[in-house]
Structures are given as C-alpha cells and as structure tokens.
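With PDB, C-alpha atoms inside, this is my_file-v9.pdb:
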ATOM      1  CA  MET S   1       2.318  16.614 -28.568
ATOM      2  CA  THR S   2       0.142  16.165 -25.447
ATOM      3  CA  LYS S   3       0.840  17.634 -22.039
ATOM      4  CA  ILE S   4       0.395  15.499 -18.942
ATOM      5  CA  ILE S   5      -1.342  17.849 -16.543
ATOM      6  CA  LEU S   6      -1.729  17.590 -12.767
ATOM      7  CA  PRO S   7      -5.550  17.597 -12.580
ATOM      8  CA  GLU S   8      -7.814  19.531 -10.256
ATOM      9  CA  LEU S   9      -8.046  17.482  -7.054
ATOM     10  CA  GLY S  10     -10.436  19.725  -5.205
ATOM     11  CA  GLU S  11     -10.858  23.254  -4.057
ATOM     12  CA  GLY S  12      -7.932  24.349  -1.924
ATOM     13  CA  ILE S  13      -5.483  21.747  -3.228
ATOM     14  CA  THR S  14      -2.935  23.702  -5.259
ATOM     15  CA  LYS S  15      -0.019  21.312  -5.469
ATOM     16  CA  ALA S  16       1.007  17.705  -5.034
ATOM     17  CA  THR S  17       4.260  15.788  -4.899
ATOM     18  CA  ILE S  18       5.075  13.275  -7.603
ATOM     19  CA  ALA S  19       5.685  10.052  -5.683
ATOM     20  CA  CYS S  20       6.693   7.946  -8.663
ATOM     21  CA  TRP S  21       6.697   7.671 -12.415
ATOM     22  CA  HIS S  22       5.536   4.340 -13.780
ATOM     23  CA  ALA S  23       6.930   5.095 -17.259
ATOM     24  CA  LYS S  24      10.420   6.179 -18.324
ATOM     25  CA  VAL S  25      11.339   8.876 -20.827
ATOM     26  CA  GLY S  26      11.435   7.301 -24.289
ATOM     27  CA  GLU S  27       8.917   4.605 -23.380
ATOM     28  CA  ASN S  28       5.763   4.131 -25.414
ATOM     29  CA  VAL S  29       2.532   4.514 -23.467
ATOM     30  CA  VAL S  30      -1.091   3.830 -24.311
ATOM     31  CA  ILE S  31      -3.970   6.127 -23.499
ATOM     32  CA  GLY S  32      -5.297   5.507 -19.987
ATOM     33  CA  GLN S  33      -2.094   3.807 -18.847
ATOM     34  CA  GLU S  34      -1.171   4.639 -15.263
ATOM     35  CA  ILE S  35       1.787   6.891 -15.832
ATOM     36  CA  CYS S  36       2.594   8.536 -12.509
ATOM     37  CA  GLU S  37       1.326   9.019  -8.991
ATOM     38  CA  ALA S  38       0.807  12.324  -7.204
ATOM     39  CA  VAL S  39       0.435  12.560  -3.436
ATOM     40  CA  THR S  40      -0.898  15.182  -1.080
ATOM     41  CA  ASP S  41      -0.490  14.848   2.676
ATOM     42  CA  LYS S  42      -2.897  11.943   3.004
ATOM     43  CA  ALA S  43      -4.015  10.933  -0.444
ATOM     44  CA  SER S  44      -2.361   9.422  -3.475
ATOM     45  CA  PHE S  45      -3.761   9.999  -6.925
ATOM     46  CA  VAL S  46      -2.928   7.924  -9.985
ATOM     47  CA  ILE S  47      -2.515   9.943 -13.190
ATOM     48  CA  GLU S  48      -3.078   8.302 -16.556
ATOM     49  CA  ALA S  49      -1.575   8.941 -19.964
ATOM     50  CA  PRO S  50      -3.905  11.416 -21.722
ATOM     51  CA  ALA S  51      -2.811  10.204 -25.178
ATOM     52  CA  PRO S  52      -0.890   7.362 -26.783
ATOM     53  CA  GLY S  53       2.711   7.942 -27.840
ATOM     54  CA  LYS S  54       6.214   8.204 -26.508
ATOM     55  CA  LEU S  55       6.938   9.826 -23.137
ATOM     56  CA  LYS S  56       9.146  12.614 -24.467
ATOM     57  CA  SER S  57      10.003  14.404 -21.246
ATOM     58  CA  ILE S  58       9.319  14.602 -17.533
ATOM     59  CA  SER S  59       9.189  18.081 -16.042
ATOM     60  CA  VAL S  60       8.408  17.170 -12.427
ATOM     61  CA  ASP S  61      10.664  14.456 -11.100
ATOM     62  CA  GLU S  62       9.909  12.023  -8.303
ATOM     63  CA  GLY S  63       9.943  13.826  -4.981
ATOM     64  CA  GLN S  64       9.272  17.234  -6.564
ATOM     65  CA  GLU S  65       6.081  19.241  -6.246
ATOM     66  CA  GLY S  66       3.870  20.019  -9.194
ATOM     67  CA  LEU S  67       1.190  22.686  -9.361
ATOM     68  CA  VAL S  68      -2.424  21.818 -10.108
ATOM     69  CA  GLY S  69      -2.955  22.615 -13.783
ATOM     70  CA  GLY S  70       0.789  22.492 -14.349
ATOM     71  CA  VAL S  71       2.641  20.275 -16.809
ATOM     72  CA  LEU S  72       4.183  17.089 -15.430
ATOM     73  CA  GLY S  73       5.514  15.752 -18.720
ATOM     74  CA  ILE S  74       5.020  15.549 -22.471
ATOM     75  CA  ILE S  75       3.838  12.712 -24.685
ATOM     76  CA  GLU S  76       4.417  12.841 -28.453
TER      77      GLU S  76
ATOM     78  CA  MET D   1     -27.258   3.593  -6.175
ATOM     79  CA  LYS D   2     -27.229   1.220  -3.205
ATOM     80  CA  MET D   3     -24.087   0.958  -1.094
ATOM     81  CA  VAL D   4     -22.709  -2.586  -0.843
ATOM     82  CA  ILE D   5     -21.595  -3.401   2.695
ATOM     83  CA  GLN D   6     -19.041  -6.158   3.278
ATOM     84  CA  ASP D   7     -17.531  -7.344   6.568
ATOM     85  CA  TRP D   8     -14.355  -9.306   5.924
ATOM     86  CA  GLY D   9     -13.642  -9.983   9.601
ATOM     87  CA  LEU D  10      -9.969 -10.517  10.506
ATOM     88  CA  ILE D  11      -8.051 -10.684   7.237
ATOM     89  CA  ASN D  12      -4.344 -10.731   6.416
ATOM     90  CA  TYR D  13      -3.302  -7.299   5.132
ATOM     91  CA  THR D  14      -1.937  -8.512   1.790
ATOM     92  CA  GLU D  15      -4.998 -10.624   1.081
ATOM     93  CA  GLY D  16      -7.224  -7.711   2.064
ATOM     94  CA  LEU D  17      -5.313  -5.394  -0.258
ATOM     95  CA  GLU D  18      -5.747  -7.789  -3.192
ATOM     96  CA  ARG D  19      -9.478  -8.075  -2.497
ATOM     97  CA  GLN D  20      -9.711  -4.313  -2.178
ATOM     98  CA  LYS D  21      -7.943  -3.828  -5.548
ATOM     99  CA  LYS D  22     -10.431  -6.200  -7.198
ATOM    100  CA  CYS D  23     -13.226  -4.213  -5.621
ATOM    101  CA  VAL D  24     -11.715  -0.972  -7.002
ATOM    102  CA  GLN D  25     -11.653  -2.513 -10.491
ATOM    103  CA  ASN D  26     -15.295  -3.512 -10.120
ATOM    104  CA  VAL D  27     -16.319  -0.018  -9.053
ATOM    105  CA  ILE D  28     -14.301   1.487 -11.931
ATOM    106  CA  ALA D  29     -16.201  -0.908 -14.220
ATOM    107  CA  GLY D  30     -19.525   0.453 -12.929
ATOM    108  CA  ALA D  31     -20.363  -1.429  -9.736
ATOM    109  CA  GLY D  32     -21.885   0.565  -6.883
ATOM    110  CA  ASP D  33     -19.939   1.989  -3.962
ATOM    111  CA  HIS D  34     -18.605  -0.609  -1.528
ATOM    112  CA  LEU D  35     -18.083  -0.086   2.190
ATOM    113  CA  ILE D  36     -15.695  -2.717   3.512
ATOM    114  CA  LEU D  37     -15.089  -3.341   7.199
ATOM    115  CA  CYS D  38     -12.313  -5.542   8.576
ATOM    116  CA  GLU D  39      -9.448  -5.942  11.024
ATOM    117  CA  HIS D  40      -5.865  -6.901  10.195
ATOM    118  CA  PRO D  41      -3.294  -8.941  12.119
ATOM    119  CA  VAL D  42      -0.408  -6.698  13.272
ATOM    120  CA  VAL D  43       1.149  -4.935  10.272
ATOM    121  CA  LEU D  44       2.984  -1.699   9.564
ATOM    122  CA  THR D  45       2.035  -0.107   6.263
ATOM    123  CA  LEU D  46       4.294   2.421   4.599
ATOM    124  CA  GLY D  47       2.550   5.085   2.503
ATOM    125  CA  ARG D  48       4.149   6.875  -0.438
ATOM    126  CA  MET D  49       5.470   9.676   1.780
ATOM    127  CA  THR D  50       7.060   7.505   4.462
ATOM    128  CA  ASN D  51      10.123   8.979   6.101
ATOM    129  CA  PRO D  52      12.530   6.121   6.978
ATOM    130  CA  LYS D  53      12.967   7.783  10.399
ATOM    131  CA  SER D  54       9.310   7.050  11.167
ATOM    132  CA  LEU D  55      10.303   3.443  11.893
ATOM    133  CA  LEU D  56      11.879   3.619  15.339
ATOM    134  CA  TYR D  57      13.559   0.223  15.030
ATOM    135  CA  GLN D  58      15.429  -1.535  12.226
ATOM    136  CA  ARG D  59      13.110  -3.189   9.737
ATOM    137  CA  LYS D  60      14.592  -6.623  10.514
ATOM    138  CA  GLU D  61      14.075  -6.116  14.232
ATOM    139  CA  ILE D  62      10.436  -5.194  13.720
ATOM    140  CA  GLU D  63       9.838  -8.162  11.431
ATOM    141  CA  GLY D  64      11.657 -10.320  13.990
ATOM    142  CA  ARG D  65       8.912  -9.433  16.442
ATOM    143  CA  GLY D  66       6.396 -10.969  14.078
ATOM    144  CA  VAL D  67       5.184  -7.644  12.716
ATOM    145  CA  MET D  68       4.716  -7.633   8.947
ATOM    146  CA  ILE D  69       5.764  -4.517   6.966
ATOM    147  CA  ALA D  70       3.993  -3.622   3.700
ATOM    148  CA  ASP D  71       4.569  -0.817   1.177
ATOM    149  CA  VAL D  72       1.254   0.592  -0.024
ATOM    150  CA  ASP D  73       0.002   3.013  -2.658
ATOM    151  CA  ARG D  74      -1.687   5.568  -0.462
ATOM    152  CA  GLY D  75      -0.575   8.997   0.637
ATOM    153  CA  GLY D  76       0.826   9.581   4.081
ATOM    154  CA  ASP D  77       3.579   8.056   6.189
ATOM    155  CA  VAL D  78       3.740   4.866   8.261
ATOM    156  CA  THR D  79       0.761   3.516  10.137
ATOM    157  CA  LEU D  80      -0.009   0.422  12.146
ATOM    158  CA  HIS D  81      -2.930  -1.951  11.937
ATOM    159  CA  ALA D  82      -3.719  -4.549  14.560
ATOM    160  CA  PRO D  83      -6.670  -6.520  15.877
ATOM    161  CA  GLY D  84      -9.006  -4.228  17.787
ATOM    162  CA  GLN D  85      -8.543  -1.486  15.202
ATOM    163  CA  LEU D  86     -11.535  -1.250  12.893
ATOM    164  CA  ILE D  87     -10.438  -0.749   9.303
ATOM    165  CA  VAL D  88     -12.946   0.922   7.013
ATOM    166  CA  TYR D  89     -12.298   0.840   3.289
ATOM    167  CA  PRO D  90     -14.857   2.944   1.443
ATOM    168  CA  VAL D  91     -14.374   2.077  -2.222
ATOM    169  CA  PHE D  92     -16.386   4.955  -3.573
ATOM    170  CA  ASN D  93     -16.757   6.341  -7.060
ATOM    171  CA  LEU D  94     -16.011  10.022  -6.494
ATOM    172  CA  ASN D  95     -17.521  10.863  -9.868
ATOM    173  CA  ASN D  96     -20.811  10.449  -7.982
ATOM    174  CA  HIS D  97     -19.649  12.379  -4.910
ATOM    175  CA  GLY D  98     -18.520  15.713  -6.314
ATOM    176  CA  LYS D  99     -15.150  14.616  -7.807
ATOM    177  CA  ASN D 100     -13.332  16.609  -5.157
ATOM    178  CA  LEU D 101     -10.598  14.906  -3.182
ATOM    179  CA  LYS D 102     -10.440  17.581  -0.498
ATOM    180  CA  SER D 103     -14.144  17.542   0.264
ATOM    181  CA  TYR D 104     -14.138  13.718   0.230
ATOM    182  CA  MET D 105     -11.381  13.690   2.848
ATOM    183  CA  GLU D 106     -13.312  16.239   4.894
ATOM    184  CA  ARG D 107     -16.434  14.101   4.743
ATOM    185  CA  LEU D 108     -14.464  11.114   5.978
ATOM    186  CA  GLN D 109     -13.299  13.247   8.901
ATOM    187  CA  GLU D 110     -16.880  14.301   9.618
ATOM    188  CA  VAL D 111     -17.990  10.657   9.716
ATOM    189  CA  ALA D 112     -15.113   9.880  12.083
ATOM    190  CA  VAL D 113     -15.942  12.748  14.450
ATOM    191  CA  ASP D 114     -19.670  11.833  14.383
ATOM    192  CA  LEU D 115     -18.859   8.211  15.128
ATOM    193  CA  LEU D 116     -16.913   9.062  18.248
ATOM    194  CA  LYS D 117     -19.586  11.517  19.363
ATOM    195  CA  ASN D 118     -22.062   8.631  19.317
ATOM    196  CA  PHE D 119     -19.869   6.838  21.840
ATOM    197  CA  GLY D 120     -19.584   9.891  24.079
ATOM    198  CA  ILE D 121     -16.116  10.868  22.863
ATOM    199  CA  LEU D 122     -15.509  14.466  21.870
ATOM    200  CA  ALA D 123     -13.062  14.373  18.974
ATOM    201  CA  ILE D 124     -11.740  17.095  16.716
ATOM    202  CA  SER D 125     -10.061  17.574  13.379
ATOM    203  CA  ILE D 126      -6.926  19.686  13.595
ATOM    204  CA  SER D 127      -6.397  22.119  10.735
ATOM    205  CA  GLY D 128      -3.647  20.943   8.426
ATOM    206  CA  LYS D 129      -3.528  17.484  10.024
ATOM    207  CA  ARG D 130      -5.405  14.525   8.632
ATOM    208  CA  GLY D 131      -6.950  12.135  11.062
ATOM    209  CA  VAL D 132      -9.035  12.709  14.133
ATOM    210  CA  TYR D 133      -7.815  13.660  17.585
ATOM    211  CA  VAL D 134      -9.060  13.657  21.155
ATOM    212  CA  GLY D 135      -7.153  16.462  22.783
ATOM    213  CA  GLU D 136      -3.589  15.992  21.583
ATOM    214  CA  ASP D 137      -3.950  12.250  21.030
ATOM    215  CA  LYS D 138      -4.758  10.702  17.674
ATOM    216  CA  ILE D 139      -7.545   8.140  17.619
ATOM    217  CA  ILE D 140      -8.400   7.701  13.922
ATOM    218  CA  SER D 141      -5.986   7.694  10.981
ATOM    219  CA  ILE D 142      -7.101   8.543   7.464
ATOM    220  CA  GLY D 143      -5.288   7.717   4.214
ATOM    221  CA  VAL D 144      -6.759   7.542   0.749
ATOM    222  CA  GLY D 145      -5.720   6.388  -2.712
ATOM    223  CA  VAL D 146      -7.540   7.398  -5.898
ATOM    224  CA  ARG D 147      -7.543   5.622  -9.243
ATOM    225  CA  LYS D 148      -9.782   6.826 -12.103
ATOM    226  CA  TRP D 149     -11.599   8.894  -9.462
ATOM    227  CA  VAL D 150     -12.440   5.792  -7.441
ATOM    228  CA  ALA D 151     -11.239   6.178  -3.853
ATOM    229  CA  TYR D 152      -9.913   3.326  -1.766
ATOM    230  CA  HIS D 153      -8.042   2.771   1.535
ATOM    231  CA  GLY D 154      -9.728   4.825   4.259
ATOM    232  CA  LEU D 155      -9.925   4.864   8.046
ATOM    233  CA  GLY D 156      -8.154   3.075  10.877
ATOM    234  CA  ILE D 157     -10.283   3.459  14.008
ATOM    235  CA  ASN D 158      -8.594   2.530  17.267
ATOM    236  CA  VAL D 159     -11.410   0.776  19.066
ATOM    237  CA  ASN D 160      -9.635  -1.723  21.319
ATOM    238  CA  THR D 161      -6.151  -1.587  19.756
ATOM    239  CA  ASP D 162      -3.116  -2.593  21.839
ATOM    240  CA  LEU D 163      -1.583   0.900  21.971
ATOM    241  CA  SER D 164       1.847  -0.354  23.043
ATOM    242  CA  LEU D 165       2.383  -1.495  19.438
ATOM    243  CA  PHE D 166       2.609   2.146  18.334
ATOM    244  CA  GLU D 167       5.934   2.368  20.171
ATOM    245  CA  LEU D 168       7.459   0.796  17.046
ATOM    246  CA  ILE D 169       6.788   3.864  14.917
ATOM    247  CA  LYS D 170       6.183   7.565  14.661
ATOM    248  CA  PRO D 171       2.545   7.228  13.574
ATOM    249  CA  CYS D 172       2.032   9.080  10.284
ATOM    250  CA  GLY D 173       5.563  10.484  10.749
ATOM    251  CA  LEU D 174       4.331  12.649  13.613
ATOM    252  CA  ASP D 175       5.422  12.970  17.198
ATOM    253  CA  VAL D 176       1.968  12.049  18.318
ATOM    254  CA  ARG D 177       0.551   9.785  20.980
ATOM    255  CA  MET D 178      -2.169   7.385  19.925
ATOM    256  CA  THR D 179      -5.274   6.635  21.919
ATOM    257  CA  SER D 180      -8.246   4.302  21.575
ATOM    258  CA  MET D 181     -11.939   4.202  22.377
ATOM    259  CA  GLN D 182     -11.165   1.542  24.981
ATOM    260  CA  LYS D 183      -8.619   3.750  26.712
ATOM    261  CA  LEU D 184     -10.942   6.742  26.749
ATOM    262  CA  LYS D 185     -13.984   4.810  27.951
ATOM    263  CA  GLY D 186     -12.048   2.727  30.475
ATOM    264  CA  HIS D 187     -13.410  -0.549  29.089
ATOM    265  CA  PRO D 188     -13.426  -2.493  25.799
ATOM    266  CA  VAL D 189     -15.984  -1.190  23.313
ATOM    267  CA  PRO D 190     -18.005  -3.859  21.434
ATOM    268  CA  MET D 191     -16.685  -3.945  17.872
ATOM    269  CA  GLN D 192     -20.112  -4.882  16.488
ATOM    270  CA  ASP D 193     -21.602  -1.685  17.934
ATOM    271  CA  VAL D 194     -18.894   0.412  16.283
ATOM    272  CA  LYS D 195     -19.372  -1.379  12.954
ATOM    273  CA  ALA D 196     -23.126  -0.806  13.037
ATOM    274  CA  LYS D 197     -22.654   2.910  13.701
ATOM    275  CA  VAL D 198     -20.000   3.226  10.963
ATOM    276  CA  ILE D 199     -22.413   1.710   8.436
ATOM    277  CA  GLU D 200     -25.233   3.999   9.561
ATOM    278  CA  LEU D 201     -23.065   7.127   9.334
ATOM    279  CA  PHE D 202     -21.588   6.312   5.926
ATOM    280  CA  GLN D 203     -25.093   5.778   4.599
ATOM    281  CA  LYS D 204     -26.146   9.091   6.091
ATOM    282  CA  HIS D 205     -23.191  11.050   4.692
ATOM    283  CA  PHE D 206     -22.761   9.377   1.311
ATOM    284  CA  LEU D 207     -26.159   8.168   0.081
TER     285      LEU D 207
END
As structure tokens - that is how I would like this structure written.
Amino acid sequence: MTKIILPELGEGITKATIACWHAKVGENVVIGQEICEAVTDKASFVIEAPAPGKLKSISVDEGQEGLVGGVLGIIE
Amino acid sequence: MKMVIQDWGLINYTEGLERQKKCVQNVIAGAGDHLILCEHPVVLTLGRMTNPKSLLYQRKEIEGRGVMIADVDRGGDVTLHAPGQLIVYPVFNLNNHGKNLKSYMERLQEVAVDLLKNFGILAISISGKRGVYVGEDKIISIGVGVRKWVAYHGLGINVNTDLSLFELIKPCGLDVRMTSMQKLKGHPVPMQDVKAKVIELFQKHFL
C-alpha cells in the first residue's frame, strides 16, 4: 500500500486544492503517471503516482483542499 | 547551464501551448531552461480555478465577437491575452532553482516589478494577490503550471494591450481594473525594448 502525498511546494504553502483526478478509483496506474493536479491561487502542480498498482481510494476529492504532507489517496 | 531564449512573435494560443508543452518535455528530459517570448491573438484562457461568473458575457457571445476561449492547466482564474501584451513563458527546471514554488513565484514578481521600474513605472506586489499592480490597477498577470518540477506558463505583461478587451471578464476573478505601460506612459512603448529588458532581468535573476 502506498500513500499519495501532497508534496512540499515551498515554505509558507500549507495547502492546495485538488483541481482534478486523472485516474479513477479501481484503475491501474503506473509509477510516474500523472494522477492528479493540485492548485494554489496561481499555480497548478501535477502529482504523479508514487508506485504502480490500483488506485484503491481517494481521500481528497476534486474541489477539496488537501494539506501539504497529507494523504490524497492510496495505491495498492 | 545556459538559458535558451526564443521569440515566437505573434502565435496562435493553441499552437503556442503545444510548442510550450514540447519544450516542457525537453526540459524534463534534461534540456536547459528556456525563456520564451511571444504575443497571442485575442484569447481568453480559463485556469483550473475559473469561476464561471468571471466571464461577464455568455461564452457564445464572446466567441461570436471573434474571441477564442481556451481551458488551460494552470492555476488561477480567467485571463485575457491580446496583441500588445508580452507573454513570457519561462520553462524552467525548478530542481535547479531551489525546488520551491512559492519562492519561484516571488522571483517572477520581482522580475516584473524590476522590469516596470526600468521604464519609470513604480509597481508593487500586493500581499496575498499574485500579479503586479500600479496603485490599484493590475498591469502584469502571473500564472504557473508545474510538471515534474518543471515550471511553465508565466507572465502576461500589458505593454500596449487594448484595455477595452478586459471588459469581457473579471480578470483573474477579481474586481480589478487593468492598466498597461502605454496607458501609464501616455504613448506606445516599443515591444522590442521591453523584450530586451525582460531577457536581461531573467538572466540576472535566474542564472
């Protein structure tokens, strides 16, 4: 099981909104695949699958805010 | 590593975006930073955070006026590009610039403020607001996308932009008035002079 984490984006940035998921729950993903996109007020940041496997769950839906270092979803 | 400078002139937004994406792939693959300068024919671009209310007319009505609308993968709300607005796309590998999105954005703002200072315009950054302002009026918009820590998109500098076009939208979703270097100076500002200064300042701040 691998957690998809919202990475550090820079000092002072503590959260970001998930603009979209490019993969659906249950879908197989490969490592490095662009899996979702986080946005701050003026920047968008593409997040990649940290491991291969099936996207088991999404914990921050589109339009919701995630915390830096927090879990966005699980791959297993 | 040397910065590659490219001037694409006036280029259709969609074509420019495709070329920019190829450039991003090249930089991800190890090419040096690219600084791209261009202008676009009139187009509204909708960032990931666009509020539908930021378009002040129906989409069909806007397109009926010959204004193209494009959805883009950058942060922020709606913005407008048009001839006379200098677009700067720094396609930079942030792994070589501190890997810090916030400080990168701040450095872009510093370049923007410095640029205007060189043309005798006193501009400021407003805390909590991206972009650069002269008084209450916005003159430069900033929006960035990041893929594998390579940044793309960038700055829209209103040099000689037809400001009446901004009546179509709430720029960046804000109740803000836009201004231009031309308006502030009282005469058109040579685009080549602005381009030369942009190149000089990016080399100063990022090399």
One-decimal distance in Å that lies between CA of Gly30 (chain D) and CA of Pro52 (chain S)
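For CA of Pro52 (chain S) relative to CA of Gly30 (chain D), the distance reads 24.2 Å.
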Could you make a table, as CSV, of the residues of chain D that have an atom within 8 Å of an atom of chain S, each with its nearest atom pair and distance in Å to one decimal, counting all atoms listed in the file, in chain and number order?
residue,atom,partner,partner_atom,distance
D:Arg48,CA,S:Ala19,CA,6.3
D:Met49,CA,S:Ala19,CA,7.5
D:Asp73,CA,S:Ser44,CA,6.9
D:Arg74,CA,S:Ser44,CA,4.9
D:Gly75,CA,S:Ala43,CA,4.1
D:Gly76,CA,S:Lys42,CA,4.5
D:Lys99,CA,S:Gly10,CA,7.4
D:Asn100,CA,S:Gly10,CA,4.3
D:Leu101,CA,S:Gly10,CA,5.2
D:Lys102,CA,S:Gly10,CA,5.2
D:Ser103,CA,S:Gly10,CA,7.0
D:Arg130,CA,S:Lys42,CA,6.7
D:Ile142,CA,S:Lys42,CA,7.0
D:Gly143,CA,S:Lys42,CA,5.0
D:Val144,CA,S:Ala43,CA,4.5
D:Gly145,CA,S:Ser44,CA,4.6
D:Val146,CA,S:Phe45,CA,4.7
D:Arg147,CA,S:Val46,CA,5.2
D:Lys148,CA,S:Val46,CA,7.3
Evaluate the PyMOL selection byres ((chain D and resi 42) around 12) here and jot the selected residues down as JSON, numbers by chain.
{"D": [10, 11, 12, 13, 14, 39, 40, 41, 43, 44, 45, 62, 63, 65, 66, 67, 68, 69, 70, 79, 80, 81, 82, 83, 84, 85, 161, 162, 163, 164, 165, 166, 168]}
Using the selection just defined, write its residues with C-alpha atoms as an mmCIF file, in the coordinates of the input.
data_model
loop_
_atom_site.group_PDB
_atom_site.id
_atom_site.type_symbol
_atom_site.label_atom_id
_atom_site.label_comp_id
_atom_site.auth_asym_id
_atom_site.auth_seq_id
_atom_site.Cartn_x
_atom_site.Cartn_y
_atom_site.Cartn_z
ATOM 1 C CA LEU D 10 -9.969 -10.517 10.506
ATOM 2 C CA ILE D 11 -8.051 -10.684 7.237
ATOM 3 C CA ASN D 12 -4.344 -10.731 6.416
ATOM 4 C CA TYR D 13 -3.302 -7.299 5.132
ATOM 5 C CA THR D 14 -1.937 -8.512 1.790
ATOM 6 C CA GLU D 39 -9.448 -5.942 11.024
ATOM 7 C CA HIS D 40 -5.865 -6.901 10.195
ATOM 8 C CA PRO D 41 -3.294 -8.941 12.119
ATOM 9 C CA VAL D 43 1.149 -4.935 10.272
ATOM 10 C CA LEU D 44 2.984 -1.699 9.564
ATOM 11 C CA THR D 45 2.035 -0.107 6.263
ATOM 12 C CA ILE D 62 10.436 -5.194 13.720
ATOM 13 C CA GLU D 63 9.838 -8.162 11.431
ATOM 14 C CA ARG D 65 8.912 -9.433 16.442
ATOM 15 C CA GLY D 66 6.396 -10.969 14.078
ATOM 16 C CA VAL D 67 5.184 -7.644 12.716
ATOM 17 C CA MET D 68 4.716 -7.633 8.947
ATOM 18 C CA ILE D 69 5.764 -4.517 6.966
ATOM 19 C CA ALA D 70 3.993 -3.622 3.700
ATOM 20 C CA THR D 79 0.761 3.516 10.137
ATOM 21 C CA LEU D 80 -0.009 0.422 12.146
ATOM 22 C CA HIS D 81 -2.930 -1.951 11.937
ATOM 23 C CA ALA D 82 -3.719 -4.549 14.560
ATOM 24 C CA PRO D 83 -6.670 -6.520 15.877
ATOM 25 C CA GLY D 84 -9.006 -4.228 17.787
ATOM 26 C CA GLN D 85 -8.543 -1.486 15.202
ATOM 27 C CA THR D 161 -6.151 -1.587 19.756
ATOM 28 C CA ASP D 162 -3.116 -2.593 21.839
ATOM 29 C CA LEU D 163 -1.583 0.900 21.971
ATOM 30 C CA SER D 164 1.847 -0.354 23.043
ATOM 31 C CA LEU D 165 2.383 -1.495 19.438
ATOM 32 C CA PHE D 166 2.609 2.146 18.334
ATOM 33 C CA LEU D 168 7.459 0.796 17.046
#
What is the distance between CA of Thr179 (chain D) and CA of Phe92 (chain D), in Å to one decimal?
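Computing it gives 27.9 Å between the two atoms.
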Quick one: apply the PyMOL selection byres ((chain S and resi 4) around 7) to the file and drop the selected residues here as a PyMOL selection string.
chain S and resi 2-3+5-6+49-50+71-74
Close residues, region 119-121 of chain D itself excluded, 8 Å, only C-alpha atoms, min 6 positions apart in chain, as a PDB file with C-alpha atoms, keeping the file's coordinate frame:
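Generated file (result02.pdb):
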ATOM      1  CA  VAL D 134      -9.060  13.657  21.155  1.00  0.00           C
ATOM      2  CA  MET D 181     -11.939   4.202  22.377  1.00  0.00           C
ATOM      3  CA  LEU D 184     -10.942   6.742  26.749  1.00  0.00           C
TER       4      LEU D 184
END
